[in-house]
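Asker: This is target12.txt, which holds compact mmCIF, C-alpha atoms:
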```txt
# COMPACT_ATOMS: atom_id res chain seq x y z
CA MET A 1061 69.61 24.59 131.56
CA LYS A 1062 68.59 25.76 135.01
CA THR A 1063 67.44 29.36 135.48
CA ARG A 1064 70.17 29.85 138.05
CA THR A 1065 72.91 28.87 135.59
CA LYS A 1066 71.45 31.24 132.99
CA PHE A 1067 71.56 34.05 135.56
CA VAL A 1068 75.17 33.29 136.43
CA ILE A 1069 76.27 33.22 132.75
CA GLY A 1070 74.27 36.36 131.92
CA GLY A 1071 75.65 38.14 134.97
CA ALA A 1072 79.23 37.15 134.12
CA VAL A 1073 78.86 38.48 130.55
CA ILE A 1074 77.42 41.80 131.74
CA LEU A 1075 80.16 42.11 134.38
CA ALA A 1076 82.88 41.38 131.81
CA VAL A 1077 81.53 44.07 129.46
CA ILE A 1078 81.33 46.62 132.28
CA VAL A 1079 84.88 45.85 133.41
CA ALA A 1080 86.23 46.04 129.84
CA LEU A 1081 84.50 49.36 129.14
CA SER A 1082 85.53 50.95 132.41
CA LEU A 1083 89.14 49.83 131.98
CA GLN A 1084 89.16 51.45 128.55
CA GLU A 1085 87.72 54.69 129.95
CA LEU A 1086 90.05 54.57 132.94
CA GLN A 1087 93.03 54.39 130.62
CA LYS A 1088 91.97 57.70 129.06
CA MET A 1089 90.96 59.32 132.34
CA THR A 1090 94.14 58.49 134.16
CA VAL A 1091 96.17 60.55 131.68
CA PHE A 1092 95.50 63.74 133.59
CA PHE A 1093 97.92 65.65 131.39
CA TYR A 1094 100.15 65.13 128.35
CA THR A 1095 103.81 66.08 128.21
CA PRO A 1096 105.13 68.70 125.75
CA ALA A 1097 107.03 65.97 123.90
CA GLU A 1098 103.82 63.97 123.35
CA VAL A 1099 101.98 67.04 122.04
CA LEU A 1100 104.84 68.13 119.77
CA ALA A 1101 105.27 64.60 118.40
CA SER A 1102 101.75 64.47 116.93
CA PRO A 1103 100.31 67.98 116.54
CA ALA A 1104 97.46 66.83 114.28
CA GLU A 1105 96.02 64.63 117.02
CA PHE A 1106 95.72 67.50 119.49
CA GLU A 1107 94.46 70.18 117.08
CA ASP A 1108 91.24 71.89 118.28
CA LYS A 1109 90.97 69.61 121.27
CA THR A 1110 90.84 70.83 124.87
CA ILE A 1111 93.80 69.16 126.57
CA ARG A 1112 96.02 69.52 129.61
CA ILE A 1113 99.79 69.73 129.37
CA GLY A 1114 102.01 69.27 132.40
CA ALA A 1115 105.61 70.50 132.48
CA LEU A 1116 108.01 72.96 134.10
CA VAL A 1117 108.07 76.70 133.52
CA GLN A 1118 111.19 77.41 131.46
CA GLN A 1119 113.82 79.63 133.06
CA GLY A 1120 113.76 83.20 131.75
CA SER A 1121 110.61 82.75 129.66
CA VAL A 1122 108.03 84.41 131.91
CA ASP A 1123 106.42 87.64 130.70
CA TRP A 1124 103.79 88.92 133.15
CA ASN A 1125 101.76 91.98 132.30
CA ALA A 1126 100.10 92.95 135.57
CA GLN A 1127 98.08 95.80 134.00
CA ALA A 1128 96.45 93.68 131.31
CA ILE A 1129 96.54 90.48 133.45
CA GLN A 1130 98.27 88.60 130.63
CA LEU A 1131 100.83 85.93 131.23
CA SER A 1132 103.09 84.34 128.62
CA PHE A 1133 105.70 81.73 129.33
CA LYS A 1134 107.20 78.57 127.89
CA ILE A 1135 106.79 75.08 129.31
CA THR A 1136 109.35 72.35 128.93
CA GLU A 1137 110.40 69.03 130.38
CA ASP A 1138 114.04 68.90 129.44
CA GLY A 1139 114.85 72.52 128.57
CA GLU A 1140 115.15 71.62 124.88
CA LYS A 1141 111.65 71.15 123.49
CA SER A 1142 109.24 73.78 124.71
CA ILE A 1143 105.73 75.07 124.01
CA PRO A 1144 104.84 78.77 124.36
CA VAL A 1145 101.78 79.31 126.55
CA TYR A 1146 99.48 82.30 126.71
CA TYR A 1147 97.15 82.77 129.67
CA GLU A 1148 94.78 85.58 130.56
CA GLY A 1149 94.10 85.67 134.26
CA VAL A 1150 95.61 86.11 137.68
CA LYS A 1151 99.06 84.66 138.20
CA PRO A 1152 98.95 81.95 140.93
CA ASP A 1153 100.97 82.65 144.09
CA LEU A 1154 103.27 79.69 143.59
CA PHE A 1155 103.90 80.40 139.89
CA ARG A 1156 107.60 80.91 139.25
CA GLU A 1157 110.35 79.83 136.89
CA GLY A 1158 111.22 76.15 137.21
CA GLN A 1159 107.88 75.38 138.90
CA GLY A 1160 105.74 72.46 137.71
CA VAL A 1161 102.48 73.58 136.09
CA VAL A 1162 99.49 71.98 134.40
CA VAL A 1163 97.78 74.13 131.77
CA GLU A 1164 94.37 73.39 130.27
CA GLY A 1165 93.37 74.80 126.92
CA LYS A 1166 93.87 74.43 123.16
CA MET A 1167 96.77 74.56 120.75
CA ASN A 1168 96.45 77.56 118.42
CA GLY A 1169 99.14 77.11 115.80
CA PRO A 1170 102.43 76.72 117.67
CA ARG A 1171 101.06 78.51 120.77
CA PHE A 1172 99.01 76.95 123.56
CA GLU A 1173 96.14 79.14 124.75
CA ALA A 1174 95.37 78.21 128.32
CA SER A 1175 92.01 78.72 129.96
CA GLN A 1176 93.22 77.33 133.28
CA LEU A 1177 96.63 77.45 134.92
CA LEU A 1178 97.32 75.04 137.78
CA VAL A 1179 100.50 74.74 139.82
CA LYS A 1180 101.83 71.25 140.44
CA HIS A 1181 104.00 71.72 143.52
CA SER A 1182 106.59 69.23 144.71
CA GLU A 1183 106.41 66.94 147.73
CA GLU A 1184 109.43 68.61 149.33
CA TYR A 1185 109.04 70.91 152.30
CA THR A 1186 111.97 73.00 153.45
CA VAL A 1187 112.75 75.88 155.74
CA GLU A 1188 115.29 78.54 154.92
CA THR A 1189 117.21 80.22 157.70
CA GLU A 1190 116.16 83.64 156.45
CA HIS A 1191 112.54 82.58 156.60
CA LYS A 1192 112.89 81.62 160.23
CA LYS A 1193 114.11 85.09 161.14
CA SER A 1194 111.46 86.85 159.13
CA LYS A 1195 108.49 84.95 160.51
CA GLU A 1196 107.16 88.00 162.39
CA GLU A 1197 107.50 90.12 159.26
CA TYR A 1198 105.74 87.42 157.28
CA TYR A 1199 102.71 87.52 159.59
CA LYS A 1200 102.77 91.33 159.48
CA SER A 1201 102.80 91.31 155.68
CA ILE A 1202 99.75 89.01 155.66
CA LEU A 1203 97.88 91.28 158.06
CA ALA A 1204 98.81 94.32 156.01
CA GLN A 1205 97.30 92.87 152.83
CA MET B 395 88.70 59.60 179.77
CA PHE B 396 92.44 59.77 179.01
CA LEU B 397 91.73 59.38 175.31
CA GLU B 398 89.07 62.08 175.36
CA TRP B 399 91.11 64.80 177.07
CA GLY B 400 94.44 63.57 175.75
CA SER B 401 93.36 63.82 172.13
CA ILE B 402 91.42 67.08 172.47
CA LEU B 403 94.19 68.85 174.41
CA GLY B 404 96.74 67.29 172.07
CA LEU B 405 94.96 68.67 169.01
CA ALA B 406 94.77 72.11 170.61
CA GLY B 407 98.43 71.91 171.64
CA CYS B 408 99.51 70.92 168.13
CA GLY B 409 97.49 73.82 166.75
CA LEU B 410 99.27 76.32 169.00
CA TRP B 411 102.65 74.76 168.21
CA ILE B 412 102.03 74.91 164.47
CA PHE B 413 100.78 78.48 164.33
CA LEU B 414 103.00 80.11 166.95
CA LYS B 415 106.29 78.23 166.88
CA LEU B 416 106.86 76.73 163.43
CA PRO B 417 108.88 78.50 160.76
CA ILE B 418 107.22 79.35 157.44
CA GLU B 419 107.80 76.79 154.70
CA THR B 420 109.97 78.10 151.84
CA SER B 421 108.05 77.43 148.64
CA GLN B 422 104.40 77.47 149.76
CA GLY B 423 104.50 79.84 152.70
CA PHE B 424 101.54 79.96 155.07
CA PRO B 425 99.19 77.49 153.27
CA GLN B 426 101.61 74.63 154.05
CA LYS B 427 100.25 74.63 157.63
CA ILE B 428 97.08 72.83 156.57
CA MET B 429 99.34 69.83 156.02
CA TYR B 430 99.16 69.28 159.80
CA LEU B 431 95.45 68.53 159.44
CA HIS B 432 95.46 66.96 155.99
CA VAL B 433 98.19 64.35 156.56
CA PRO B 434 96.98 63.13 160.01
CA THR B 435 93.45 62.93 158.58
CA PHE B 436 94.52 60.67 155.73
CA ILE B 437 96.44 58.40 158.10
CA ALA B 438 93.37 58.20 160.37
CA THR B 439 91.24 57.42 157.28
CA TYR B 440 93.62 54.62 156.27
CA LEU B 441 93.58 53.18 159.79
CA ALA B 442 89.79 53.43 160.13
CA PHE B 443 89.22 51.52 156.89
CA PHE B 444 91.93 49.01 157.71
CA VAL B 445 89.96 48.26 160.90
CA VAL B 446 86.80 47.90 158.76
CA PHE B 447 88.67 45.48 156.48
CA ALA B 448 90.09 43.38 159.33
CA PHE B 449 86.85 43.17 161.34
CA SER B 450 84.73 42.44 158.24
CA ILE B 451 86.94 39.43 157.54
CA ALA B 452 86.78 38.47 161.23
CA TYR B 453 82.97 38.62 161.11
CA LEU B 454 82.70 36.47 157.99
CA TRP B 455 85.03 33.96 159.60
CA LYS B 456 83.67 33.80 163.17
CA ARG B 457 80.11 35.13 162.61
CA ASP B 458 80.29 37.12 165.83
CA LEU B 459 78.13 40.27 165.65
CA MET B 460 80.58 42.12 167.90
CA PHE B 461 83.10 42.13 165.03
CA ASP B 462 80.50 43.55 162.68
CA GLN B 463 79.66 46.24 165.20
CA ILE B 464 83.33 47.32 165.36
CA ALA B 465 83.57 47.35 161.54
CA LYS B 466 80.41 49.48 161.39
CA VAL B 467 81.49 52.13 163.90
CA SER B 468 84.98 52.29 162.39
CA ALA B 469 83.42 52.88 158.97
CA GLU B 470 81.32 55.69 160.46
CA VAL B 471 84.37 57.40 161.95
CA GLY B 472 86.36 56.69 158.79
CA LEU B 473 83.69 58.34 156.67
CA ILE B 474 83.95 61.51 158.79
CA PHE B 475 87.75 61.50 158.45
CA CYS B 476 87.43 60.90 154.70
CA ALA B 477 85.10 63.92 154.41
CA LEU B 478 87.60 65.99 156.42
CA LEU B 479 90.35 64.74 154.15
CA LEU B 480 88.50 65.93 151.03
CA VAL B 481 87.65 69.28 152.62
CA THR B 482 91.17 70.02 153.95
CA GLY B 483 92.57 68.95 150.58
CA ALA B 484 90.27 71.39 148.78
CA ILE B 485 91.23 74.22 151.16
CA TRP B 486 94.91 73.44 150.61
CA GLY B 487 94.47 73.10 146.86
CA ARG B 488 92.97 76.56 146.31
CA PRO B 489 96.01 78.66 147.32
CA THR B 490 98.65 76.22 146.08
CA TRP B 491 97.31 74.52 142.93
CA GLY B 492 94.86 77.27 142.08
CA THR B 493 91.76 75.07 142.28
CA TYR B 494 89.60 73.39 144.91
CA TRP B 495 89.10 70.26 142.87
CA VAL B 496 90.42 68.42 139.81
CA TRP B 497 89.44 64.99 138.53
CA ASP B 498 92.90 63.48 138.80
CA ALA B 499 93.43 59.89 139.92
CA ARG B 500 94.27 60.69 143.57
CA LEU B 501 91.26 62.90 144.19
CA THR B 502 88.85 60.76 142.19
CA THR B 503 89.79 57.51 143.97
CA THR B 504 89.47 59.28 147.35
CA LEU B 505 86.00 60.52 146.45
CA LEU B 506 85.20 56.97 145.33
CA LEU B 507 86.09 55.68 148.82
CA PHE B 508 83.72 58.23 150.33
CA LEU B 509 80.90 57.23 147.97
CA ILE B 510 81.45 53.49 148.49
CA PHE B 511 81.02 53.92 152.23
CA MET B 512 77.98 56.16 151.79
CA GLY B 513 76.55 53.19 149.87
CA TYR B 514 77.71 50.90 152.69
CA PHE B 515 75.44 52.68 155.17
CA LEU B 516 72.55 52.77 152.70
CA LEU B 517 72.94 49.01 152.36
CA ARG B 518 72.94 48.58 156.14
CA MET B 519 69.80 50.69 156.48
CA SER B 520 67.96 48.81 153.74
CA VAL B 521 68.32 45.35 155.34
CA ASN B 522 66.13 44.49 158.33
CA ASP B 523 67.62 41.12 159.28
CA ARG B 524 70.63 41.83 161.56
CA ASP B 525 72.67 38.78 160.43
CA LYS B 526 72.00 39.40 156.76
CA GLU B 527 72.92 43.07 157.22
CA ALA B 528 76.24 42.08 158.81
CA ARG B 529 77.01 39.54 156.07
CA LEU B 530 76.30 41.88 153.14
CA ALA B 531 78.02 44.85 154.79
CA SER B 532 81.15 42.79 155.51
CA VAL B 533 81.47 41.82 151.85
CA LEU B 534 80.99 45.42 150.68
CA GLY B 535 83.34 46.63 153.43
CA ILE B 536 86.11 44.31 152.28
CA ILE B 537 85.69 45.28 148.61
CA GLY B 538 85.47 48.99 149.48
CA CYS B 539 88.71 48.90 151.48
CA LEU B 540 90.59 47.61 148.43
CA ASP B 541 90.37 51.23 147.24
CA ILE B 542 92.87 52.27 149.97
CA PRO B 543 95.99 50.78 148.30
CA ILE B 544 94.76 52.20 144.97
CA ILE B 545 94.47 55.67 146.53
CA HIS B 546 97.89 55.32 148.09
CA LYS B 547 99.60 54.20 144.87
CA SER B 548 97.59 56.44 142.49
CA VAL B 549 100.24 59.18 142.52
CA GLU B 550 102.87 56.66 141.37
CA TRP B 551 100.78 54.70 138.87
CA TRP B 552 99.23 57.62 137.03
CA ARG B 553 99.98 61.22 136.14
CA THR B 554 98.24 63.35 138.73
CA LEU B 555 98.13 66.96 139.85
CA HIS B 556 98.56 65.75 143.42
CA GLN B 557 102.22 65.48 144.42
CA PRO B 558 103.74 62.12 145.41
CA SER B 559 103.97 61.05 149.04
CA THR B 560 106.24 63.10 151.31
CA LEU B 561 105.95 60.94 154.41
CA PHE B 562 106.34 57.52 152.79
CA LYS B 563 108.95 58.58 150.28
CA VAL B 564 111.52 55.89 149.58
CA GLU B 565 114.86 56.70 148.02
CA SER B 566 117.14 53.85 146.94
CA GLY B 567 115.32 51.39 149.20
CA LYS B 568 115.46 53.64 152.27
CA ALA B 569 112.62 55.60 153.83
CA SER B 570 113.46 59.29 153.50
CA PRO B 571 110.61 61.71 154.11
CA SER B 572 111.27 64.87 152.10
CA ILE B 573 110.52 67.40 154.81
CA SER B 574 112.90 69.36 156.98
CA PRO B 575 113.14 68.22 160.64
CA GLU B 576 111.58 71.41 162.10
CA LEU B 577 108.43 70.73 160.10
CA PHE B 578 108.58 66.94 160.47
CA THR B 579 108.46 66.57 164.29
CA PRO B 580 105.15 68.43 164.74
CA LEU B 581 103.73 66.43 161.82
CA ILE B 582 104.48 63.16 163.65
CA ALA B 583 102.99 64.63 166.85
CA SER B 584 99.82 65.67 164.96
CA ILE B 585 99.52 62.19 163.47
CA ILE B 586 99.78 60.50 166.89
CA VAL B 587 97.23 62.87 168.40
CA MET B 588 94.85 62.38 165.46
CA LEU B 589 95.08 58.60 165.82
CA LEU B 590 94.25 58.93 169.54
CA PHE B 591 91.26 61.05 168.52
CA TYR B 592 90.19 58.32 166.09
CA LEU B 593 90.47 55.73 168.87
CA TYR B 594 88.43 57.94 171.20
CA LEU B 595 85.65 58.37 168.62
CA LEU B 596 85.69 54.65 167.81
CA LEU B 597 85.28 53.58 171.45
CA LEU B 598 82.66 56.26 172.08
CA ARG B 599 80.56 55.07 169.13
CA TYR B 600 81.03 51.42 170.09
CA GLN B 601 79.82 52.07 173.65
CA THR B 602 76.79 54.08 172.56
CA GLU B 603 75.83 51.35 170.08
CA LYS B 604 76.17 48.72 172.80
CA ARG B 605 74.02 50.73 175.20
CA ARG B 606 71.41 51.28 172.51
CA GLU B 607 71.17 47.56 171.99
CA GLN B 608 70.81 46.99 175.73
CA LEU B 609 68.09 49.63 175.87
CA ASN B 610 66.23 48.04 172.96
CA GLN B 611 66.45 44.69 174.72
CA LEU B 612 65.05 46.13 177.95
CA LEU B 613 62.23 47.83 176.05
CA ALA B 614 61.38 44.60 174.27
CA GLU B 615 61.26 42.77 177.63
CA THR B 616 58.95 45.31 179.26
CA GLN B 617 56.57 45.17 176.31
CA VAL B 618 56.25 41.40 176.69
```
Turn this file's structure into structure tokens for me.

Answerer:
Amino acid sequence: MKTRTKFVIGGAVILAVIVALSLQELQKMTVFFYTPAEVLASPAEFEDKTIRIGALVQQGSVDWNAQAIQLSFKITEDGEKSIPVYYEGVKPDLFREGQGVVVEGKMNGPRFEASQLLVKHSEEYTVETEHKKSKEEYYKSILAQ
Amino acid sequence: MFLEWGSILGLAGCGLWIFLKLPIETSQGFPQKIMYLHVPTFIATYLAFFVVFAFSIAYLWKRDLMFDQIAKVSAEVGLIFCALLLVTGAIWGRPTWGTYWVWDARLTTTLLLFLIFMGYFLLRMSVNDRDKEARLASVLGIIGCLDIPIIHKSVEWWRTLHQPSTLFKVESGKASPSISPELFTPLIASIIVMLLFYLYLLLLRYQTEKRREQLNQLLAETQV
């Protein structure tokens, strides 16, 4: 066998292994967050593991304690199955009921203790008529802060 | 000349328009304004690397160094736009998402594009033979540009923190950008101006490269 052929075969094998391994890793990496349904379906799998869950903030579930900087709320996809979340830290500006969020942390019993709270905003951009009128006040309120 | 002043005055004009005339967006408020830099920058990045892709293929086909030169300067400008894209994205992410950076598929594949083309210039610098440099760079350029469709589709293929496309949104087979008209018109204007700016930078770099080659030739002749 020629040296060149050996190189080609060896190279192809190495390349195949690299591609297979990276595809496997990619599969894991591309799941940036789990859904509440996935977490609730197999609690044992997610026990004591740092994970991210992405869902919507359930209507009427937000309890914000500004003095202690503690935030509790429930996240849900469909309004039926939900997970209670506890987060200690500043509430993000865009955090509100019905907003998409991604929380990172661990399940502690039935409650999810988040170490990071990210807002997943939508791709829709709108203008309300009231906002148009209050543009000057909006700028003033920023300057006043 | 037209491109230079047209794009610079256009960018300044869009800036004034956006900050003085536009209404405040409902859900995000003030931070939404960085969209007028972020979106034009990503379109300019796409275009710059599409030019790299097309002229790399043209070089491999025709073996004309002029094509390679165009691919090279477009990659340079594209790399700058890609850096701007990452920076404006981080600045936008902090007030809206609550973080400058996450390793989701959209952001990671965009960073990958940046790194591939950093490698592209390292490769160019490490080869002394001009024809060999052009040949190797064209191949890497073509492969690197395949990341563009992956970046574009990443928000549909995988779960990401980054929201799906606003501008290229398709609903029941029809293009329907999900942005109100008052905010949409200046976005289109910003995109056009940014593309003119890309064209200006591209031609500027192409001319300087050409003159440098001429100068090198003249120097070589005088030394003989």

Asker: Write out as a PyMOL selection string which residues come within 8 Å of region 597-605 of chain B when counting only C-alpha atoms, dropping same-chain ones fewer than 2 positions away.

Answerer: chain B and resi 463-464+467+593-595+607-609

Asker: Using all atoms listed in the file, find each residue of chain A with at least one atom at most 8 Å away from an atom of chain B; report its shortest atom-to-atom pair and that distance in Å (one decimal), sort the rows by chain and rising residue number, and return the result as a Markdown table.

Answerer:
```
| residue | atom | partner | partner_atom | distance |
| --- | --- | --- | --- | --- |
| A:Met1089 | CA | B:Asp498 | CA | 7.9 |
| A:Thr1090 | CA | B:Trp552 | CA | 5.9 |
| A:Val1091 | CA | B:Arg553 | CA | 5.9 |
| A:Phe1092 | CA | B:Arg553 | CA | 5.7 |
| A:Phe1093 | CA | B:Arg553 | CA | 6.8 |
| A:Pro1152 | CA | B:Gly492 | CA | 6.3 |
| A:Asp1153 | CA | B:Thr490 | CA | 7.1 |
| A:Leu1154 | CA | B:Thr490 | CA | 6.3 |
| A:Val1162 | CA | B:Leu555 | CA | 7.5 |
| A:Leu1177 | CA | B:Gly492 | CA | 7.4 |
| A:Leu1178 | CA | B:Trp491 | CA | 5.2 |
| A:Val1179 | CA | B:Trp491 | CA | 4.5 |
| A:Lys1180 | CA | B:Leu555 | CA | 5.7 |
| A:His1181 | CA | B:Gln557 | CA | 6.6 |
| A:Ser1182 | CA | B:Gln557 | CA | 5.8 |
| A:Glu1183 | CA | B:Thr560 | CA | 5.3 |
| A:Glu1184 | CA | B:Ser572 | CA | 5.0 |
| A:Tyr1185 | CA | B:Ile573 | CA | 4.6 |
| A:Thr1186 | CA | B:Ser574 | CA | 5.2 |
| A:Val1187 | CA | B:Glu419 | CA | 5.1 |
| A:Glu1188 | CA | B:Thr420 | CA | 6.2 |
| A:His1191 | CA | B:Ile418 | CA | 6.3 |
| A:Lys1192 | CA | B:Pro417 | CA | 5.1 |
| A:Lys1195 | CA | B:Pro417 | CA | 6.5 |
```

Asker: Can you work out the spacing between CA of Ile402 (chain B) and CA of His432 (chain B) in Å, to one decimal?

Answerer: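 Taking CA of Ile402 (chain B) as the start and CA of His432 (chain B) as the end point, the length is 17.0 Å.
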
Asker: Between CA of Arg457 (chain B) and CA of Asp541 (chain B), what distance in Å does the model show, to one decimal?

Answerer: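 Rounded to one decimal, the two atoms are 24.5 Å apart.
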
Asker: Could you please give me, as a list of chain:residue names, the residues of protein, DNA or RNA lying at most 8 Å from (96.0, 75.3, 133.1) in the coordinate frame of the file, considering only C-alpha atoms?

Answerer: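 Every polymer residue passing the test: A:Arg1112, A:Ile1113, A:Val1161, A:Val1162, A:Val1163, A:Glu1164, A:Gly1165, A:Ala1174, A:Ser1175, A:Gln1176, A:Leu1177, A:Leu1178.
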
Asker: CA of Gln1084 (chain A) and CA of Glu1098 (chain A), how far apart in Å?

Answerer: 20.0 Å

Asker: Determine, counting all atoms listed in the file, which protein, DNA and RNA residues have an atom within 8 Å of an atom of Ile536 (chain B); residues of the same chain fewer than 5 positions away are not included. Present the result as a PyMOL selection string.

Answerer: chain B and resi 446-447+450-451

Asker: Keeping C-alpha atoms, export the residues of the selection given above as a PDB file, keeping the file's coordinate frame.

Answerer:
```pdb
ATOM      1  CA  VAL B 446      86.800  47.900 158.760  1.00  0.00           C
ATOM      2  CA  PHE B 447      88.670  45.480 156.480  1.00  0.00           C
ATOM      3  CA  SER B 450      84.730  42.440 158.240  1.00  0.00           C
ATOM      4  CA  ILE B 451      86.940  39.430 157.540  1.00  0.00           C
TER       5      ILE B 451
END
```
